[in-house]
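File shown here: target.cif, holding mmCIF, C-alpha atoms and all ligand atoms.
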data_query
loop_
_atom_site.label_atom_id
_atom_site.label_comp_id
_atom_site.auth_asym_id
_atom_site.auth_seq_id
_atom_site.Cartn_x
_atom_site.Cartn_y
_atom_site.Cartn_z
CA MET A 1223 0.00 0.00 0.00
CA HIS A 1224 1.53 3.28 -1.08
CA GLU A 1225 -1.32 5.60 -0.13
CA LEU A 1226 0.45 6.65 3.08
CA SER A 1227 3.43 7.82 1.07
CA ILE A 1228 1.06 9.59 -1.35
CA ALA A 1229 -0.78 11.22 1.58
CA GLN A 1230 2.51 12.42 3.05
CA ASN A 1231 3.49 14.04 -0.26
CA LEU A 1232 0.09 15.67 -0.48
CA VAL A 1233 0.24 17.06 3.06
CA GLU A 1234 3.78 18.32 2.58
CA ILE A 1235 2.89 20.26 -0.58
CA ALA A 1236 -0.31 21.69 0.92
CA ASN A 1237 1.22 22.52 4.29
CA THR A 1238 4.15 24.36 2.70
CA ALA A 1239 1.77 26.35 0.50
CA ALA A 1240 -0.36 27.22 3.53
CA GLN A 1241 2.65 28.36 5.54
CA ARG A 1242 3.86 30.56 2.69
CA ALA A 1243 0.45 32.19 2.47
CA ASN A 1244 0.38 32.80 6.22
CA VAL A 1245 -2.75 30.76 6.66
CA GLN A 1246 -3.73 29.97 10.25
CA ARG A 1247 -5.80 26.91 9.54
CA VAL A 1248 -6.75 24.96 6.44
CA THR A 1249 -10.37 23.83 6.32
CA ALA A 1250 -10.38 21.85 3.09
CA VAL A 1251 -8.05 20.44 0.42
CA ARG A 1252 -9.33 19.81 -3.10
CA LEU A 1253 -7.78 16.95 -5.03
CA GLN A 1254 -8.38 15.50 -8.48
CA LEU A 1255 -8.03 11.73 -8.67
CA GLY A 1256 -8.05 10.03 -12.06
CA ALA A 1257 -9.32 6.48 -12.42
CA LEU A 1258 -5.86 5.51 -13.75
CA SER A 1259 -3.87 7.24 -11.00
CA GLY A 1260 -3.27 3.96 -9.22
CA VAL A 1261 -4.52 5.42 -5.95
CA VAL A 1262 -7.47 4.03 -4.00
CA LYS A 1263 -9.72 6.79 -2.70
CA ASP A 1264 -10.70 5.20 0.61
CA SER A 1265 -7.11 4.24 1.45
CA LEU A 1266 -6.00 7.76 0.66
CA LEU A 1267 -8.68 9.28 2.90
CA PHE A 1268 -7.66 6.99 5.72
CA CYS A 1269 -3.95 7.76 5.34
CA TYR A 1270 -4.60 11.47 4.94
CA ASP A 1271 -5.99 11.66 8.48
CA ILE A 1272 -2.78 10.12 9.79
CA ALA A 1273 -0.47 12.22 7.61
CA SER A 1274 -2.18 15.54 8.36
CA ALA A 1275 -2.01 15.23 12.14
CA GLY A 1276 0.03 18.03 13.69
CA THR A 1277 0.10 20.14 10.50
CA LEU A 1278 -1.94 23.14 9.35
CA LEU A 1279 -4.14 20.58 7.59
CA GLU A 1280 -5.16 18.75 10.73
CA GLY A 1281 -8.95 18.50 10.69
CA ALA A 1282 -9.21 19.85 7.14
CA LYS A 1283 -11.52 17.93 4.84
CA LEU A 1284 -9.97 16.15 1.87
CA LEU A 1285 -12.40 16.74 -1.00
CA ILE A 1286 -11.66 14.25 -3.76
CA GLU A 1287 -13.01 14.76 -7.25
CA GLU A 1288 -12.86 11.43 -9.06
CA LEU A 1289 -12.24 11.69 -12.79
CA PRO A 1290 -13.16 8.95 -15.25
CA VAL A 1291 -10.79 7.95 -18.03
CA ILE A 1292 -11.47 9.84 -21.23
CA ILE A 1293 -10.13 8.44 -24.50
CA TYR A 1294 -10.20 9.77 -28.02
CA CYS A 1295 -12.17 7.46 -30.31
CA PRO A 1296 -10.64 7.55 -33.81
CA GLN A 1297 -13.86 6.13 -35.26
CA CYS A 1298 -16.31 8.62 -33.71
CA GLN A 1299 -13.66 11.34 -33.90
CA GLN A 1300 -14.49 12.57 -30.45
CA THR A 1301 -13.49 12.10 -26.84
CA VAL A 1302 -15.55 9.66 -24.80
CA ALA A 1303 -15.56 8.68 -21.13
CA LEU A 1304 -14.89 5.02 -20.32
CA GLU A 1305 -17.45 3.16 -18.27
CA THR A 1306 -14.77 0.87 -16.85
CA VAL A 1307 -10.96 0.84 -16.80
CA GLN A 1308 -11.11 -2.85 -17.72
CA ALA A 1309 -12.05 -2.12 -21.31
CA PHE A 1310 -10.39 0.68 -23.23
CA CYS A 1311 -13.03 0.79 -25.91
CA CYS A 1312 -15.46 3.44 -27.05
CA PRO A 1313 -18.84 2.97 -25.33
CA VAL A 1314 -20.54 4.29 -28.49
CA CYS A 1315 -18.96 2.20 -31.26
CA GLY A 1316 -16.73 -0.33 -29.50
CA THR A 1317 -13.45 0.79 -31.12
CA PHE A 1318 -10.39 0.16 -28.93
CA SER A 1319 -8.15 3.12 -28.20
CA SER A 1320 -5.17 3.85 -25.94
CA ASP A 1321 -5.26 7.56 -26.74
CA ILE A 1322 -5.89 8.81 -23.21
CA ARG A 1323 -7.00 12.39 -22.68
CA GLN A 1324 -7.86 12.22 -18.97
CA GLY A 1325 -7.59 9.79 -16.08
CA ARG A 1326 -4.02 9.88 -14.74
CA GLU A 1327 -4.57 12.95 -12.52
CA LEU A 1328 -3.31 13.02 -8.96
CA GLU A 1329 -3.31 16.74 -8.46
CA ILE A 1330 -3.92 19.18 -5.62
CA LEU A 1331 -6.21 21.88 -6.98
CA SER A 1332 -6.63 24.27 -4.09
CA LEU A 1333 -6.86 24.85 -0.36
CA GLU A 1334 -9.64 26.49 1.55
CA ALA A 1335 -8.42 28.39 4.54
CA GLU A 1336 -9.95 30.29 7.37
CA GLU A 1337 -8.56 33.59 8.46
CA ASP A 1338 -9.37 35.57 11.53
CA GLU A 1339 -9.94 39.11 10.29
CA ASN A 1340 -9.10 40.61 13.68
CA GLU A 1341 -5.56 39.41 13.24
CA HIS A 1342 -5.31 41.31 9.98
CA PRO A 1343 -6.63 44.82 10.69
CA SER A 1344 -5.03 46.17 7.53
CA HIS A 1345 -7.00 43.73 5.37
CA PRO A 1346 -9.52 45.66 3.21
CA MET B 439 -15.70 36.47 12.41
CA SER B 440 -13.74 34.56 9.87
CA THR B 441 -13.70 34.63 6.09
CA PRO B 442 -12.91 31.68 3.86
CA ARG B 443 -10.03 32.09 1.49
CA ILE B 444 -9.12 29.98 -1.52
CA LEU B 445 -5.50 29.23 -2.34
CA GLU B 446 -4.89 27.93 -5.86
CA ILE B 447 -2.26 25.18 -5.93
CA ARG B 448 -2.56 23.01 -9.05
CA ARG B 449 0.38 20.75 -8.39
CA GLY B 450 0.87 17.05 -8.90
CA VAL B 451 1.13 15.11 -5.66
CA LEU B 452 4.01 13.09 -7.12
CA GLU B 453 5.79 16.06 -8.69
CA LYS B 454 8.94 15.47 -6.62
CA ASN B 455 9.26 11.94 -7.97
CA ASP B 456 8.34 13.04 -11.48
CA ILE B 457 11.01 15.77 -11.54
CA LEU B 458 13.64 13.37 -10.24
CA ALA B 459 12.62 10.74 -12.80
CA HIS B 460 12.85 13.34 -15.55
CA ASN B 461 16.41 14.21 -14.46
CA LEU B 462 17.33 10.53 -14.33
CA ARG B 463 16.01 10.02 -17.86
CA ASP B 464 18.16 12.92 -19.08
CA GLN B 465 21.16 11.24 -17.47
CA PHE B 466 20.31 7.87 -19.05
CA ASN B 467 19.80 9.49 -22.45
CA ALA B 468 23.14 11.27 -22.28
CA ALA B 469 24.81 7.92 -21.52
CA HIS B 470 22.82 6.06 -24.20
CA ALA B 471 21.74 3.62 -21.49
CA LEU B 472 18.34 2.06 -22.15
CA VAL B 473 16.55 1.58 -18.83
CA ILE B 474 13.98 -1.19 -18.38
CA ASN B 475 11.69 -1.29 -15.35
CA LEU B 476 10.42 -4.84 -14.69
CA VAL B 477 7.18 -5.05 -12.73
CA SER B 478 5.08 -8.08 -11.75
CA SER B 479 3.44 -10.00 -8.93
CA PRO B 480 5.87 -11.78 -6.61
CA GLY B 481 7.20 -14.96 -8.21
CA ALA B 482 6.17 -14.15 -11.79
CA GLY B 483 9.71 -14.82 -12.95
CA LYS B 484 11.40 -11.41 -13.16
CA THR B 485 14.70 -12.60 -11.73
CA ALA B 486 14.75 -15.74 -13.90
CA LEU B 487 13.95 -13.66 -17.00
CA LEU B 488 16.64 -11.18 -16.05
CA GLU B 489 19.27 -13.86 -15.37
CA ASP B 490 18.87 -15.25 -18.85
CA THR B 491 18.59 -11.78 -20.43
CA LEU B 492 21.85 -10.60 -18.84
CA ARG B 493 23.60 -13.79 -19.89
CA ARG B 494 22.43 -13.47 -23.49
CA LEU B 495 23.29 -9.78 -23.76
CA ILE B 496 26.78 -10.37 -22.40
CA GLN B 497 27.26 -13.30 -24.78
CA ALA B 498 26.33 -11.02 -27.68
CA GLY B 499 28.96 -8.51 -26.57
CA HIS B 500 26.63 -6.01 -24.89
CA HIS B 501 27.02 -4.27 -21.55
CA PRO B 502 24.04 -4.70 -19.24
CA ALA B 503 23.70 -3.93 -15.52
CA ALA B 504 20.91 -4.44 -13.01
CA LEU B 505 19.42 -2.78 -9.94
CA VAL B 506 17.26 -5.14 -7.90
CA GLY B 507 14.63 -3.98 -5.47
CA ASP B 508 13.73 -6.48 -2.81
CA LEU B 509 11.91 -6.22 0.48
CA ALA B 510 14.60 -7.74 2.67
CA THR B 511 16.85 -10.34 1.08
CA ASP B 512 19.71 -10.14 -1.41
CA ASN B 513 19.05 -13.57 -2.99
CA ASP B 514 17.99 -12.08 -6.32
CA ALA B 515 21.09 -9.90 -6.57
CA ASN B 516 23.31 -12.92 -5.88
CA ARG B 517 21.52 -14.93 -8.58
CA LEU B 518 21.92 -12.12 -11.11
CA ALA B 519 25.56 -11.38 -10.27
CA ARG B 520 26.48 -14.86 -11.54
CA SER B 521 25.90 -13.56 -15.07
CA GLY B 522 28.97 -11.35 -14.66
CA ALA B 523 27.01 -8.13 -15.09
CA PRO B 524 27.29 -5.35 -12.48
CA VAL B 525 24.38 -5.84 -10.07
CA ARG B 526 23.28 -3.85 -7.07
CA GLN B 527 20.63 -4.60 -4.50
CA ILE B 528 18.17 -1.97 -3.28
CA GLN B 529 16.75 -3.12 0.01
CA THR B 530 13.47 -1.31 0.31
CA GLY B 531 13.05 -2.18 3.97
CA GLY B 532 9.40 -3.06 3.58
CA ASN B 533 8.56 -0.33 1.07
CA CYS B 534 6.26 -1.86 -1.52
CA HIS B 535 7.72 -0.06 -4.55
CA LEU B 536 10.81 1.72 -5.83
CA GLU B 537 10.88 5.51 -6.15
CA ALA B 538 13.07 7.71 -8.33
CA ASP B 539 15.11 8.98 -5.38
CA MET B 540 16.10 5.41 -4.45
CA ILE B 541 17.37 4.86 -7.99
CA SER B 542 19.21 8.15 -7.90
CA THR B 543 20.83 7.49 -4.51
CA HIS B 544 21.88 3.96 -5.40
CA LEU B 545 23.34 4.99 -8.73
CA THR B 546 25.45 7.59 -6.95
CA ASP B 547 26.62 5.26 -4.17
CA TRP B 548 27.26 2.48 -6.67
CA GLY B 549 29.63 4.63 -8.69
CA LEU B 550 28.60 2.81 -11.88
CA ASP B 551 29.90 4.54 -15.01
CA LEU B 552 26.64 4.81 -16.95
CA SER B 553 28.44 5.66 -20.16
CA GLN B 554 29.83 2.10 -20.11
CA ILE B 555 26.36 0.60 -19.70
CA GLU B 556 24.02 -0.07 -22.62
CA PHE B 557 21.12 -1.63 -20.73
CA LEU B 558 20.18 -0.95 -17.13
CA PHE B 559 17.47 -3.25 -15.78
CA ILE B 560 15.53 -2.35 -12.68
CA GLU B 561 13.74 -5.26 -11.02
CA ASN B 562 10.94 -3.58 -9.11
CA VAL B 563 9.35 -4.93 -5.94
CA GLY B 564 6.84 -7.72 -6.67
CA ASN B 565 3.59 -5.76 -6.59
CA LEU B 566 1.18 -4.87 -9.39
CA VAL B 567 -0.34 -1.83 -7.67
CA CYS B 568 2.04 0.70 -6.15
CA PRO B 569 4.93 0.65 -8.67
CA ALA B 570 2.48 1.84 -11.35
CA SER B 571 2.46 5.37 -9.90
CA TYR B 572 6.23 5.86 -9.77
CA ASP B 573 8.22 6.85 -12.83
CA LEU B 574 11.83 5.72 -12.36
CA GLY B 575 13.14 7.45 -15.46
CA GLU B 576 12.86 4.21 -17.43
CA HIS B 577 12.44 4.02 -21.20
CA VAL B 578 10.61 0.70 -21.16
CA ARG B 579 8.22 -0.54 -18.53
CA ALA B 580 7.77 -4.28 -18.92
CA VAL B 581 4.99 -6.02 -17.03
CA VAL B 582 5.82 -9.66 -16.46
CA LEU B 583 2.93 -12.13 -16.29
CA SER B 584 3.46 -15.83 -15.69
CA VAL B 585 1.16 -18.51 -17.07
CA THR B 586 0.39 -19.70 -13.52
CA GLU B 587 -1.24 -16.46 -12.41
CA GLY B 588 -4.61 -16.61 -14.06
CA GLU B 589 -5.71 -14.99 -17.28
CA ASP B 590 -7.67 -12.23 -15.54
CA LYS B 591 -4.66 -10.55 -13.92
CA PRO B 592 -4.75 -7.69 -16.47
CA LEU B 593 -8.39 -6.98 -15.56
CA LYS B 594 -7.55 -6.95 -11.86
CA TYR B 595 -4.63 -4.56 -12.30
CA PRO B 596 -5.59 -2.40 -15.29
CA THR B 597 -3.59 0.63 -14.14
CA MET B 598 -0.33 -1.31 -14.15
CA PHE B 599 -1.05 -3.06 -17.42
CA HIS B 600 -2.02 0.21 -18.97
CA SER B 601 1.10 1.99 -17.74
CA ALA B 602 3.42 -0.68 -19.20
CA ASP B 603 4.93 -0.56 -22.70
CA ILE B 604 5.19 -4.30 -23.16
CA ALA B 605 3.85 -7.46 -21.52
CA VAL B 606 6.16 -10.44 -21.19
CA LEU B 607 4.47 -13.79 -20.64
CA THR B 608 6.78 -16.08 -18.67
CA LYS B 609 6.99 -19.80 -17.85
CA MET B 610 5.51 -20.71 -21.25
CA ASP B 611 7.16 -24.14 -20.84
CA ILE B 612 4.47 -25.10 -18.31
CA ALA B 613 1.57 -23.36 -20.08
CA VAL B 614 -0.06 -26.61 -21.15
CA ALA B 615 0.40 -28.27 -17.78
CA VAL B 616 -1.33 -25.41 -15.96
CA GLU B 617 -4.01 -25.12 -18.68
CA PHE B 618 -3.07 -21.53 -19.46
CA ASP B 619 -5.79 -19.98 -21.63
CA LYS B 620 -3.59 -17.86 -23.87
CA PRO B 621 -6.34 -16.35 -26.06
CA ALA B 622 -8.14 -15.17 -22.91
CA ALA B 623 -4.96 -13.68 -21.44
CA LEU B 624 -4.16 -11.88 -24.70
CA ALA B 625 -7.73 -10.58 -25.00
CA ASN B 626 -7.60 -9.22 -21.44
CA ILE B 627 -4.28 -7.52 -22.06
CA GLN B 628 -5.64 -5.91 -25.24
CA SER B 629 -8.78 -4.84 -23.40
CA VAL B 630 -6.89 -2.81 -20.78
CA HIS B 631 -4.14 -1.70 -23.15
CA PRO B 632 -5.13 -1.86 -26.82
CA GLY B 633 -2.13 -2.30 -29.06
CA MET B 634 0.35 -3.28 -26.35
CA MET B 635 3.11 -5.60 -27.51
CA VAL B 636 3.14 -9.07 -25.92
CA LEU B 637 6.07 -11.51 -25.99
CA GLU B 638 6.05 -15.15 -24.86
CA THR B 639 9.10 -16.49 -23.06
CA SER B 640 10.45 -19.31 -20.99
CA ALA B 641 13.59 -18.64 -19.00
CA LYS B 642 13.80 -22.36 -18.39
CA THR B 643 13.90 -23.56 -22.02
CA GLY B 644 15.03 -20.29 -23.56
CA ALA B 645 12.02 -20.20 -25.90
CA GLY B 646 11.16 -16.67 -26.99
CA MET B 647 14.23 -15.21 -25.28
CA ASP B 648 15.86 -14.25 -28.58
CA ASN B 649 12.82 -12.16 -29.52
CA TRP B 650 12.81 -10.37 -26.18
CA VAL B 651 16.53 -9.61 -26.24
CA GLN B 652 16.31 -8.48 -29.87
CA HIS B 653 13.37 -6.24 -28.97
CA LEU B 654 15.46 -4.51 -26.28
CA ILE B 655 18.38 -4.04 -28.67
CA THR B 656 16.03 -2.48 -31.22
CA CYS B 657 14.46 -0.27 -28.54
CA ARG B 658 17.89 1.03 -27.62
CA GLU B 659 18.82 1.70 -31.25
CA ASN B 660 15.56 3.57 -31.79
CA ALA B 661 15.72 5.47 -28.51
CA PHE B 662 19.15 6.88 -29.21
CA ALA B 663 18.97 6.84 -33.00
CA LEU B 664 21.95 4.49 -33.16
CA VAL B 665 22.99 2.78 -36.36
CA THR B 666 23.17 -1.02 -36.25
CA LYS B 667 26.73 -2.25 -36.39
N1 LIG C 1401 8.92 -23.63 -15.28
C1 LIG C 1401 9.42 -22.39 -15.17
N2 LIG C 1401 9.61 -21.86 -13.95
C2 LIG C 1401 10.11 -20.59 -13.87
C3 LIG C 1401 10.44 -19.84 -15.03
N3 LIG C 1401 10.88 -18.63 -14.64
C4 LIG C 1401 10.84 -18.62 -13.29
N4 LIG C 1401 10.38 -19.81 -12.81
C5 LIG C 1401 10.22 -20.19 -11.40
O1 LIG C 1401 9.32 -19.30 -10.77
C6 LIG C 1401 9.74 -19.01 -9.44
C7 LIG C 1401 9.86 -17.51 -9.22
O2 LIG C 1401 10.80 -16.97 -10.13
P1 LIG C 1401 11.57 -15.60 -9.86
O3 LIG C 1401 12.41 -15.34 -11.05
O4 LIG C 1401 12.28 -15.65 -8.55
O5 LIG C 1401 10.35 -14.57 -9.75
P2 LIG C 1401 10.35 -13.02 -9.29
O6 LIG C 1401 9.82 -13.00 -7.90
O7 LIG C 1401 9.40 -12.35 -10.23
O8 LIG C 1401 11.73 -12.50 -9.41
C8 LIG C 1401 11.06 -19.72 -9.24
O9 LIG C 1401 10.83 -20.92 -8.55
C9 LIG C 1401 11.52 -20.00 -10.66
O10 LIG C 1401 12.32 -21.17 -10.76
C10 LIG C 1401 10.23 -20.46 -16.33
O11 LIG C 1401 10.46 -19.89 -17.39
N5 LIG C 1401 9.71 -21.73 -16.32
MG MG C 1402 12.95 -11.48 -8.06
ZN ZN C 1403 -16.38 5.44 -31.01
#
Before we go any further, please render this structure as C-alpha cells.
Amino acid sequence: MHELSIAQNLVEIANTAAQRANVQRVTAVRLQLGALSGVVKDSLLFCYDIASAGTLLEGAKLLIEELPVIIYCPQCQQTVALETVQAFCCPVCGTFSSDIRQGRELEILSLEAEEDENEHPSHP
Amino acid sequence: MSTPRILEIRRGVLEKNDILAHNLRDQFNAAHALVINLVSSPGAGKTALLEDTLRRLIQAGHHPAALVGDLATDNDANRLARSGAPVRQIQTGGNCHLEADMISTHLTDWGLDLSQIEFLFIENVGNLVCPASYDLGEHVRAVVLSVTEGEDKPLKYPTMFHSADIAVLTKMDIAVAVEFDKPAALANIQSVHPGMMVLETSAKTGAGMDNWVQHLITCRENAFALVTK
C-alpha cells in the first residue's frame, strides 16, 4: 500500500503552501483523482488523516473529485468517457483506443483556509 | 468572524518523484543507457527472466547492468551477479515499490559509469499496484505475467497493465500443464491496453528469449537513433 506515502506528499505540498500564504488553519483540500492514478480513494482518505495530524491541515476535509478515463475514439472522432478501466473501448462504437486524454490525474487543486480578520486589521 | 479564502495550488502530488525521474532520464539518455523497469506480482519470474537476459546480452557482446529492489533479502542480486554483469541490491526495507530517489541514490553510491552501460534493468518490488504510480526514469516498462497467475490478472490490475509498454508472458514451458488460456490472457491484455506488444518467453527452455533480447536491442537503437553495427 503506497497511499500513506502519497498522503505524506500531499500534506507536505499543501502545508508548505499554507505556511507561505500565512494561513492559520486549512479547512479543506481539493484533489483530483483520475481512475488511472493507481490510488485508492478510501485508502488515501484513511492515510490522509494520519499524515495531516500536527500540521496546518489537521482537521481539514480532503475533497476528492474522481475523474473517469477519457479516451479519443478515432472512429467517432471525439473524446468519450470510459465506463470501466477494464475495457479501453469506445462505449458508443466499440473501437479500442489507448489515446488517453484524462484519467491519470493526482493533483492538488486548491486549499480552503480560514482567516481571523481581527488578526489582519489592515486587510480591506 | 472569519472569512474563507481559496489558495490555488494546481500541483501534482508526485511532482517530486516526477522531476527526479525526468532528471534521471536525461542522465540515461546522455549515456545512451536504455533503462527497463520490470514489474510483476511476486514470483512471476522477473529474476529468472533477467538472469537469462543478462547472460544473453553479455554473450552477444553487450554491456548490461541491473538494480534489484527487494523487500529484505539479497538472494535475487546474488543470482543475477552470476551472469557477470554489475548488479546492485536496493533493500526497500518493507517499502512496496521503488521511487526515483532510491534509484538516484543507489546509482550515486554504486559509482557505476553509466556511459559504459548499454542496458540498465531495474527489477521492481513484486507488486502490481504501487509501482504503477512511480516513474523511475525508465524508457521501457515491462509487465511480467506468468502462465500460472490466471488470465484475468490484467483486468484486476488495469492501471499497471495500462502503464506498461510491453507485456512479457513467462513460464511458457508449463503453459499446457497449468491449462493456461492464452487467447483469454491476450484478450484481457488488449482490453486494458489496446495495441500493447506481448512476448512469450520461458527462461527455463530459452524459448522466446531471442525475440525479447532483440526487442530490447532495437528499442535502444531507436531510442538513441543508433545505427546497427
Ligand atoms: N517452469 C518455469 N519456472 C520458472 C520460469 N521462470 C521462473 N520460474 C520459477 O518461478 C519461481 C519464481 O521466479 P523468480 O524469477 O524468482 O520470480 P520473481 O519473484 O518475479 O523475481 C522460481 O521458482 C523459478 O524457478 C520459467 O520460465 N519456467
Ligand atoms: Mg525477483
Ligand atoms: Zn467510437
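For the pair CA of Gln1230 (chain A) and CA of Gly1256 (chain A), the interatomic distance is 18.6 Å.
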Closest contacts (chain A/chain B, max 9 Å, only C-alpha atoms) as CSV:
residue,atom,partner,partner_atom,distance
A:Met1223,CA,B:Cys568,CA,6.5
A:His1224,CA,B:Cys568,CA,5.7
A:Glu1225,CA,B:Cys568,CA,8.5
A:Ile1228,CA,B:Val451,CA,7.0
A:Ala1229,CA,B:Val451,CA,8.4
A:Asn1231,CA,B:Val451,CA,6.0
A:Leu1232,CA,B:Val451,CA,5.3
A:Val1233,CA,B:Val451,CA,9.0
A:Ile1235,CA,B:Val451,CA,7.4
A:Ala1236,CA,B:Ile447,CA,7.9
A:Ala1239,CA,B:Ile447,CA,7.7
A:Ala1240,CA,B:Leu445,CA,8.1
A:Ala1243,CA,B:Leu445,CA,8.2
A:Thr1249,CA,B:Pro442,CA,8.6
A:Leu1253,CA,B:Arg448,CA,9.0
A:Ala1257,CA,B:Thr597,CA,8.4
A:Leu1258,CA,B:Thr597,CA,5.4
A:Ser1259,CA,B:Ser571,CA,6.7
A:Gly1260,CA,B:Ser571,CA,5.9
A:Val1261,CA,B:Ser571,CA,8.0
A:Val1307,CA,B:Pro596,CA,6.5
A:Gln1308,CA,B:Val630,CA,5.2
A:Ala1309,CA,B:Ser629,CA,4.7
A:Phe1310,CA,B:Val630,CA,5.5
A:Cys1311,CA,B:Ser629,CA,7.5
A:Phe1318,CA,B:Pro632,CA,6.0
A:Ser1319,CA,B:Pro632,CA,6.0
A:Ser1320,CA,B:Pro632,CA,5.8
A:Glu1327,CA,B:Gly450,CA,7.7
A:Leu1328,CA,B:Gly450,CA,5.8
A:Glu1329,CA,B:Gly450,CA,4.2
A:Ile1330,CA,B:Arg448,CA,5.3
A:Leu1331,CA,B:Arg448,CA,4.3
A:Ser1332,CA,B:Glu446,CA,4.4
A:Leu1333,CA,B:Leu445,CA,5.0
A:Glu1334,CA,B:Ile444,CA,4.7
A:Ala1335,CA,B:Arg443,CA,5.1
A:Glu1336,CA,B:Pro442,CA,4.8
A:Glu1337,CA,B:Ser440,CA,5.5
A:Asp1338,CA,B:Ser440,CA,4.8
A:Glu1339,CA,B:Ser440,CA,5.9
A:Asn1340,CA,B:Met439,CA,7.9
Seminar exercise, completed: note - CA of Thr530 (chain B) and CA of Ala515 (chain B) are separated by 13.4 Å
Exercise. Hey, which residues come within 10 Å of ligand ZN 1403 (chain C) if we count all atoms listed in the file? Could you give them as a PyMOL selection string?
Worked result: chain A and resi 1293-1302+1311-1319
For this session: List the neighbours of Ala459 (chain B) out to 10 Å using all atoms listed in the file; skip same-chain residues closer than 3 positions along the sequence, and give me the result as a PyMOL selection string.
Result: chain B and resi 453-456+462-465+537-539+541-542+572-576
Exercise. Hey, which residues come within 12 Å of ligand MG 1402 (chain C) if we count all atoms listed in the file? Could you give them as a ChimeraX atom specification?
Worked result: /B:476-489,504-518,527-528,560-565,582
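Using all atoms listed in the file, the nearest neighbour of ligand LIG 1401 (chain C) within the list B:Leu558, B:Leu583, B:Leu654, B:Val636 is B:Leu583.
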For this session: For the point (7.1, -7.2, -25.4) in the file's frame, write as a count of residues only all residues with an atom no more than 8 Å away, counting all atoms listed in the file.
Result: 11
Exercise. Mind listing as JSON, numbers by chain all residues within 8 Å of (-11.3, 17.8, 0.2), counting only C-alpha atoms?
Worked result: {"A": [1250, 1251, 1252, 1253, 1282, 1283, 1284, 1285, 1286]}
Output of the above residues as a CSV table (one decimal), keeping the file's coordinate frame, restricted to C-alpha atoms:
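The result, stored in part_30.csv:
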chain,number,residue,atom,x,y,z
A,1250,ALA,CA,-10.4,21.8,3.1
A,1251,VAL,CA,-8.0,20.4,0.4
A,1252,ARG,CA,-9.3,19.8,-3.1
A,1253,LEU,CA,-7.8,17.0,-5.0
A,1282,ALA,CA,-9.2,19.8,7.1
A,1283,LYS,CA,-11.5,17.9,4.8
A,1284,LEU,CA,-10.0,16.2,1.9
A,1285,LEU,CA,-12.4,16.7,-1.0
A,1286,ILE,CA,-11.7,14.2,-3.8
Exercise. Nearest to ligand LIG 1401 (chain C) among B:Met610, B:Ala622, B:Val525, B:Leu495, with distances taken over all atoms listed in the file: which residue is it?
Worked result: B:Met610
Exercise. Can you list, as a list in words, every protein, DNA or RNA residue that comes within 6 Å of Leu1304 (chain A) when you count only C-alpha atoms, leaving out same-chain residues fewer than 2 positions away?
Worked result: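 So, after excluding close chain neighbours, the residues are Val1291, Ile1292 and Thr1306 of chain A.
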Exercise. In Å to one decimal, how far is CA of Leu536 (chain B) from CA of Ser553 (chain B)?
Worked result: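 A separation of 23.1 Å between them.
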Exercise. Which residues come within 7 Å of Glu589 (chain B), counting only C-alpha atoms, excluding same-chain residues fewer than 2 positions away, as a list in words?
Worked result: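 Near neighbours after the sequence-gap exclusion: Glu587, Lys591, Asp619, Ala622 and Ala623 of chain B.
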Can those selected residues be exported to a file as a PDB file, in the frame of the given file so that it contains C-alpha atoms?
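Result file is result17.pdb:
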ATOM      1  CA  GLU B 587      -1.240 -16.460 -12.410  1.00  0.00           C
ATOM      2  CA  LYS B 591      -4.660 -10.550 -13.920  1.00  0.00           C
ATOM      3  CA  ASP B 619      -5.790 -19.980 -21.630  1.00  0.00           C
ATOM      4  CA  ALA B 622      -8.140 -15.170 -22.910  1.00  0.00           C
ATOM      5  CA  ALA B 623      -4.960 -13.680 -21.440  1.00  0.00           C
TER       6      ALA B 623
END
For this session: Fewer than 3 positions away in the same chain doesn't count, so skip those; otherwise give me all residues within 12 Å of Gln554 (chain B), counting all atoms listed in the file, as a ChimeraX atom specification.
Result: /B:466,468-472,500-503,523-524,549-551,557-558
Exercise. Leaving out Ala498 (chain B) and any residue of its chain fewer than 3 positions from it, which residues lie within 12 Å of it when counting all atoms listed in the file, given as a list in words?
Worked result: Thr491, Leu492, Arg493, Arg494, Leu495, His501, Pro502, Asp648, Val651, Gln652 and Ile655 of chain B
